[in-house]
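Trainee: What follows is a structure written as structure tokens; I'll ask about it next.
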Amino acid sequence: MLSRLKRDLTMAEAARAPGGARVDLLLVADMVAPGSKVLDIGAGDGELLRILGEQRGVDGRGIELSREGVNECVAKGLAVIQGDADTDLADYPDDAFDYVILSQTLQATHRPRVVLEHMLRIGRNAVVSFPNFGHWKIRLQLAFGGHMPRTDNLPYSWWDSPNIHFCTIKDFVVLCDVTGAKMDRAVAFNAWGTPLRFNAPWWFWNLFGEQAVFLLSRRG
């Protein structure tokens, strides 16, 4: 576990270099076995699929809600189609992929529980990353500013935000229990991309982790 933590820390430091990839994308990629069949939900501009292809040699597919994002991905040679996580995952057969990934998109879905259940159905493993709404900076803005928080990870004003279901790390752990998801690995990291201590209690991660990445699988 300590060697894994060192590896995560090295990756985080590399991601902060000029032109480096987002730390959460590197951590997600590190949780995917080489050569796997992967579905990226909310593929965005295709950066994660690119990293997975270059670093892990995956057979990658993606769905993306915005037409602009799909066009950008296709222009890069990525296999991405237009789709909605809230409605289109039901069309995928069971165990169609080795990994199903939801990166920084959970909070924008209408039915997070249903989305996670579909991910665990169509993939043997699920990887989820999200901004932690329980971080101390957010708590301070709510407590002393009296307004909905804005941070680097949550930059929108409340009236134009695509995020509709904010959650904390503690909330997500509860969701995993409700959906029967087994937590195989979890990493929380701060604003500088440094992973927090792996053996810290959940309340510590919930207070000081700005983002989190979870590797999940089905129980039983």
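Every chain in the structure tokens takes a letter, A first, then B, and so on in the order presented; its residues are numbered from 1, and the ligands are numbered from 1 following the presented order.
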I'd like the neighbourhood of range 29-43 of chain A as a PyMOL selection string, where a residue qualifies if any of its atoms comes within 7 Å (using only C-alpha atoms), though same-chain residues fewer than 2 positions away should be ignored.
Mentor: chain A and resi 25-27+45-46+52+56-65+85+97-102+105+215
Trainee: Residues within 10 Å of Leu89 in chain A, please, as a PyMOL selection string. Count only C-alpha atoms; anything in the same chain fewer than 2 positions from it doesn't count.
Mentor: chain A and resi 41+63+83-87+91-93+114-119+121-122
Trainee: Excluding Cys167 in chain A and any residue of its chain fewer than 2 positions from it, enumerate the residues within 9 Å of it, using only C-alpha atoms, and give them as a list of chain:residue names.
Mentor: A:Leu106, A:Gln107, A:Phe130, A:Pro131, A:Asn132, A:Phe133, A:Gly134, A:His165, A:Ile169, A:Lys170, A:Asp171, A:Phe172
Trainee: When DSSP works through the backbone of this structure, what residues of range 1-218 of chain A end up as strand (DSSP E or B), shown as a ChimeraX atom specification?
Mentor: /A:37-41,59-64,80-82,97-103,123-131,181-189,195,211-218
Trainee: Could those residues be written to a file, using C-alpha atoms, as a CSV table (one decimal), in the first residue's frame?
Mentor:
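again-v5.csv, written as the output of this step:
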chain,number,residue,atom,x,y,z
A,37,LYS,CA,-12.1,-2.8,-22.7
A,38,VAL,CA,-13.2,0.6,-21.4
A,39,LEU,CA,-16.3,2.8,-21.6
A,40,ASP,CA,-15.8,6.5,-20.6
A,41,ILE,CA,-19.1,8.2,-19.7
A,59,ASP,CA,-9.8,-0.6,-26.3
A,60,GLY,CA,-11.6,2.6,-25.4
A,61,ARG,CA,-15.1,3.8,-26.2
A,62,GLY,CA,-17.0,6.9,-24.9
A,63,ILE,CA,-20.3,8.7,-24.7
A,64,GLU,CA,-20.6,12.4,-24.4
A,80,VAL,CA,-17.1,8.5,-29.0
A,81,ILE,CA,-20.8,8.8,-29.6
A,82,GLN,CA,-23.4,11.3,-28.3
A,97,PHE,CA,-16.7,-3.7,-20.6
A,98,ASP,CA,-13.9,-4.4,-18.2
A,99,TYR,CA,-14.1,-0.8,-16.8
A,100,VAL,CA,-16.8,1.8,-16.9
A,101,ILE,CA,-15.5,5.3,-16.0
A,102,LEU,CA,-17.4,8.3,-14.7
A,103,SER,CA,-14.9,11.2,-14.4
A,123,GLY,CA,-18.7,-3.2,-16.4
A,124,ARG,CA,-16.8,-5.6,-14.2
A,125,ASN,CA,-15.2,-2.6,-12.6
A,126,ALA,CA,-16.3,1.0,-12.2
A,127,VAL,CA,-14.1,4.1,-11.6
A,128,VAL,CA,-15.7,7.3,-10.3
A,129,SER,CA,-14.0,10.6,-9.6
A,130,PHE,CA,-15.8,13.7,-8.3
A,131,PRO,CA,-15.2,17.0,-6.4
A,181,ALA,CA,-20.5,-1.7,-4.6
A,182,LYS,CA,-17.2,-3.0,-3.2
A,183,MET,CA,-14.6,-0.3,-2.8
A,184,ASP,CA,-11.4,-1.9,-4.1
A,185,ARG,CA,-9.3,1.3,-4.0
A,186,ALA,CA,-9.8,5.0,-3.1
A,187,VAL,CA,-7.6,8.1,-3.4
A,188,ALA,CA,-8.4,11.5,-2.1
A,189,PHE,CA,-6.1,14.4,-2.9
A,195,PRO,CA,-2.9,12.2,-2.2
A,211,GLN,CA,-11.3,15.5,-5.1
A,212,ALA,CA,-11.6,11.7,-4.8
A,213,VAL,CA,-11.2,8.7,-7.1
A,214,PHE,CA,-12.8,5.3,-6.3
A,215,LEU,CA,-12.3,2.0,-8.0
A,216,LEU,CA,-15.4,-0.2,-7.5
A,217,SER,CA,-16.6,-3.7,-8.3
A,218,ARG,CA,-19.7,-5.8,-7.6
Trainee: Measuring atom to atom with only C-alpha atoms, identify which of A:Asp152, A:Glu72, A:Asp95, A:Glu47 is nearest to Ile138 in chain A.
Mentor: A:Asp152
